[in-house]
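Have a look at structure_18.txt below; it lists compact mmCIF, C-alpha atoms and all ligand atoms.
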```
# COMPACT_ATOMS: atom_id res chain seq x y z
CA MET N 1 -39.85 51.83 -7.73
CA LEU N 2 -43.33 51.78 -6.29
CA TYR N 3 -46.09 54.18 -7.18
CA PRO N 4 -49.46 54.30 -5.45
CA SER N 5 -52.43 54.96 -7.70
CA GLU N 6 -54.56 57.94 -6.82
CA GLY N 7 -58.19 57.97 -6.01
CA ALA N 8 -59.52 54.47 -6.60
CA PRO N 9 -61.46 53.43 -3.49
CA MET N 10 -60.16 50.20 -2.02
CA ILE N 11 -59.41 48.42 1.19
CA ARG N 12 -55.62 48.41 1.24
CA CYS N 13 -53.79 45.73 3.18
CA THR N 14 -50.13 46.48 3.69
CA SER N 15 -47.20 46.90 6.06
CA LEU N 16 -47.23 49.34 8.90
CA LYS N 17 -43.94 50.79 7.65
CA ASN N 18 -45.28 51.68 4.18
CA VAL N 19 -46.91 54.85 5.43
CA GLU N 20 -46.72 56.48 2.01
CA PHE N 21 -49.23 53.95 0.71
CA HIS N 22 -51.80 54.45 3.42
CA ALA N 23 -55.13 56.03 2.50
CA GLY N 24 -58.27 56.74 4.47
CA PRO N 25 -58.55 55.64 8.09
CA VAL N 26 -55.71 53.30 9.10
CA TYR N 27 -56.44 50.32 11.33
CA SER N 28 -53.99 47.89 12.83
CA VAL N 29 -54.67 44.15 12.79
CA ALA N 30 -51.57 43.36 14.85
CA ARG N 31 -51.15 43.64 18.56
CA ASN N 32 -49.15 46.42 20.18
CA ILE N 33 -49.02 48.91 17.33
CA SER N 34 -49.28 52.40 18.69
CA GLY N 35 -50.55 55.39 16.78
CA PHE N 36 -53.38 53.60 14.97
CA LYS N 37 -56.76 52.38 16.05
CA SER N 38 -56.54 48.64 16.33
CA LEU N 39 -59.24 46.15 15.43
CA SER N 40 -58.94 43.61 18.24
CA PHE N 41 -61.21 41.05 16.52
CA PHE N 42 -58.70 40.78 13.68
CA GLN N 43 -55.70 40.39 16.00
CA PRO N 44 -54.15 36.98 16.60
CA SER N 45 -54.83 35.54 20.02
CA ALA N 46 -52.02 35.59 22.57
CA ALA N 47 -52.08 31.77 22.66
CA ASP N 48 -51.68 31.46 18.89
CA LEU N 49 -48.84 33.99 18.92
CA HIS N 50 -47.15 32.08 21.71
CA ASN N 51 -47.39 28.83 19.78
CA LEU N 52 -46.04 30.51 16.67
CA ALA N 53 -43.12 31.98 18.60
CA TYR N 54 -42.24 28.61 20.13
CA GLY N 55 -42.52 26.68 16.88
CA VAL N 56 -45.61 24.73 17.88
CA TYR N 57 -47.33 26.12 14.78
CA THR N 58 -45.76 26.80 11.43
CA PRO N 59 -46.48 30.33 10.16
CA GLU N 60 -48.89 28.83 7.60
CA ARG N 61 -50.80 26.94 10.31
CA PHE N 62 -50.88 30.09 12.41
CA VAL N 63 -52.55 31.98 9.53
CA GLU N 64 -55.09 29.16 9.10
CA LEU N 65 -55.98 29.34 12.77
CA CYS N 66 -56.33 33.11 12.63
CA ALA N 67 -58.75 32.68 9.70
CA ILE N 68 -60.83 30.23 11.75
CA HIS N 69 -60.93 32.53 14.77
CA ILE N 70 -61.89 35.54 12.66
CA ARG N 71 -64.76 33.61 11.05
CA GLN N 72 -66.03 32.69 14.52
CA ASN N 73 -65.91 36.27 15.74
CA THR N 74 -69.25 38.08 15.65
CA ALA N 75 -67.61 41.48 16.17
CA ALA N 76 -65.44 40.95 13.08
CA ARG N 77 -68.50 40.25 10.96
CA GLU N 78 -70.37 43.22 12.37
CA TRP N 79 -67.47 45.54 11.60
CA VAL N 80 -67.20 44.29 8.05
CA PHE N 81 -70.95 44.56 7.41
CA GLY N 82 -71.00 48.05 8.88
CA LEU N 83 -68.02 49.30 6.91
CA THR N 84 -69.13 52.35 4.93
CA ASP N 85 -65.70 53.79 4.10
CA LYS N 86 -64.57 52.45 0.76
CA THR N 87 -61.04 53.68 1.34
CA VAL N 88 -59.45 52.12 4.39
CA THR N 89 -55.95 50.85 5.13
CA LEU N 90 -55.32 47.78 7.27
CA VAL N 91 -51.76 47.34 8.47
CA CYS N 92 -49.71 44.56 10.04
CA VAL N 93 -46.17 44.61 11.38
CA CYS N 94 -45.12 41.84 8.96
CA PRO N 95 -43.19 42.86 5.84
CA LEU N 96 -44.62 42.20 2.36
CA GLU N 97 -42.43 39.12 1.97
CA ARG N 98 -44.30 37.32 4.74
CA ARG N 99 -47.63 37.87 2.99
CA ARG N 100 -46.18 36.64 -0.30
CA HIS N 101 -45.41 33.38 1.47
CA GLY N 102 -48.78 33.05 3.20
CA GLN N 103 -47.20 33.77 6.58
CA CYS N 104 -49.07 36.92 7.63
CA HIS N 105 -52.60 36.74 9.00
CA LEU N 106 -53.51 39.96 7.19
CA THR N 107 -54.15 37.69 4.18
CA ALA N 108 -56.81 35.91 6.26
CA VAL N 109 -58.34 39.27 7.16
CA ALA N 110 -58.45 40.25 3.47
CA ASP N 111 -60.07 36.93 2.50
CA PHE N 112 -62.68 37.42 5.21
CA ILE N 113 -63.60 40.91 4.00
CA ARG N 114 -63.73 39.70 0.37
CA GLU N 115 -66.07 36.90 1.39
CA TRP N 116 -68.57 39.10 3.24
CA ARG N 117 -68.27 42.32 1.26
CA PRO N 118 -67.89 41.43 -2.42
CA ASP N 119 -68.94 45.03 -3.18
CA LEU N 120 -65.61 46.30 -1.79
CA LEU N 121 -62.31 46.13 -3.62
CA VAL N 122 -59.84 44.53 -1.22
CA VAL N 123 -56.22 44.70 -2.33
CA LEU N 124 -53.22 43.13 -0.63
CA ASP N 125 -49.75 44.40 -1.39
CA SER N 126 -48.83 40.74 -1.98
CA ASP N 127 -51.50 40.24 -4.65
CA PRO N 128 -50.24 39.52 -8.15
CA VAL N 129 -50.11 42.72 -10.21
CA GLN N 130 -53.56 43.84 -11.28
CA LYS N 131 -54.52 43.98 -14.94
CA GLU N 132 -55.68 47.57 -15.19
CA PRO N 133 -53.12 50.30 -14.54
CA GLN N 134 -55.64 52.29 -12.50
CA ASP N 135 -55.98 49.32 -10.16
CA ALA N 136 -52.25 48.90 -9.76
CA TRP N 137 -52.00 50.40 -6.34
CA TRP N 138 -49.00 48.24 -5.60
CA THR N 139 -47.30 47.70 -8.95
CA GLU N 140 -43.55 47.47 -9.18
CA TYR N 141 -42.39 49.30 -12.33
ZN ZN P 201 -48.71 40.04 9.75
```

Can you turn what I pasted into structure tokens?
Ligand SMILES: [Zn+2]
Amino acid sequence: MLYPSEGAPMIRCTSLKNVEFHAGPVYSVARNISGFKSLSFFQPSAADLHNLAYGVYTPERFVELCAIHIRQNTAAREWVFGLTDKTVTLVCVCPLERRRHGQCHLTAVADFIREWRPDLLVVLDSDPVQKEPQDAWWTEY
């Protein structure tokens, strides 16, 4: 079973469908998710998605390219620098399993935020289990 931890401020990166684990404002990093504000500068480009869909890119290569595009995006950096909420949830349509295999670009988004905002705790649901119980937002018991 999964239990979310209460309280601890963190940037949570998880699946759209895991609504019970969302906290704070929820932002989508995927295209075409309705019901949440989407951060277009974190979304994959249509061209990259096309190439992924047609097998031109492996999922791993696709994630690498997303990371490159995010790093080149001034708006992405500005958003991260301006982030004052310490509890935010970023969601993608991909299931957890994809992130565990490095096949979801949300991992690239998390790396980017960790790089520029070391003061924020950024936690992916695919991270290995954290050491401290209070940090174990996504621990399987
Ligand atoms: Zn994804």

* Might you pull out every residue within 8 Å of region 44-50 of chain N, with only C-alpha atoms counted and same-chain residues fewer than 5 positions away left off, and present them as a ChimeraX atom specification? => /N:30-31,62,65-66,105

Do you know which residues are within 7 Å of ligand ZN 201 (chain P) using only C-alpha atoms and all ligand atoms? Can you write them as a short mmCIF file (atom, residue, chain, number, x, y, z; two decimals) with C-alpha atoms, keeping the file's coordinate frame?
```cif
data_model
loop_
_atom_site.label_atom_id
_atom_site.label_comp_id
_atom_site.auth_asym_id
_atom_site.auth_seq_id
_atom_site.Cartn_x
_atom_site.Cartn_y
_atom_site.Cartn_z
CA ALA N 30 -51.57 43.36 14.85
CA CYS N 92 -49.71 44.56 10.04
CA VAL N 93 -46.17 44.61 11.38
CA CYS N 94 -45.12 41.84 8.96
CA CYS N 104 -49.07 36.92 7.63
CA HIS N 105 -52.60 36.74 9.00
CA LEU N 106 -53.51 39.96 7.19
#
```

* To do: Go through N:Phe41, N:Thr107, N:Arg61, N:Arg12 and flag the residue nearest Glu78 (chain N), using all atoms listed in the file for the distances.
  =>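 Looking at the shortest contact to Glu78 (chain N), the residue is N:Phe41.
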
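Taking only C-alpha atoms into account, Ser28 (chain N) lies nearest to N:Leu90 out of the set N:Val122, N:Leu90, N:Arg99, N:Tyr57.
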
* Which neighbours of Val80 (chain N) fall inside 8 Å, counting all atoms listed in the file, when residues of the same chain fewer than 2 positions from it are skipped, and could you give them as a ChimeraX atom specification? -> /N:76-78,82-83,113,116-117

* **CA of Asn18 (chain N) to CA of His69 (chain N), straight-line distance in Å** => 26.9 Å

* **Neighbour list for Arg100 (chain N) as a list in words, cut-off 10 Å, only C-alpha atoms, skip fewer than 4 positions in-chain** =>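 So, after excluding close chain neighbours, the residues are Pro95, Leu96, Cys104, Thr107, Leu124, Asp125, Ser126, Asp127 and Pro128 of chain N.
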
* To do: Could you check how far CA of Pro118 (chain N) sits from CA of Phe81 (chain N), in Å to one decimal?
  => 10.8 Å

* Kindly give the distance, in Å, that separates CA of Gly102 (chain N) and CA of Glu60 (chain N), rounded to a single decimal. =>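 Taking CA of Gly102 (chain N) and CA of Glu60 (chain N), their separation equals 6.1 Å.
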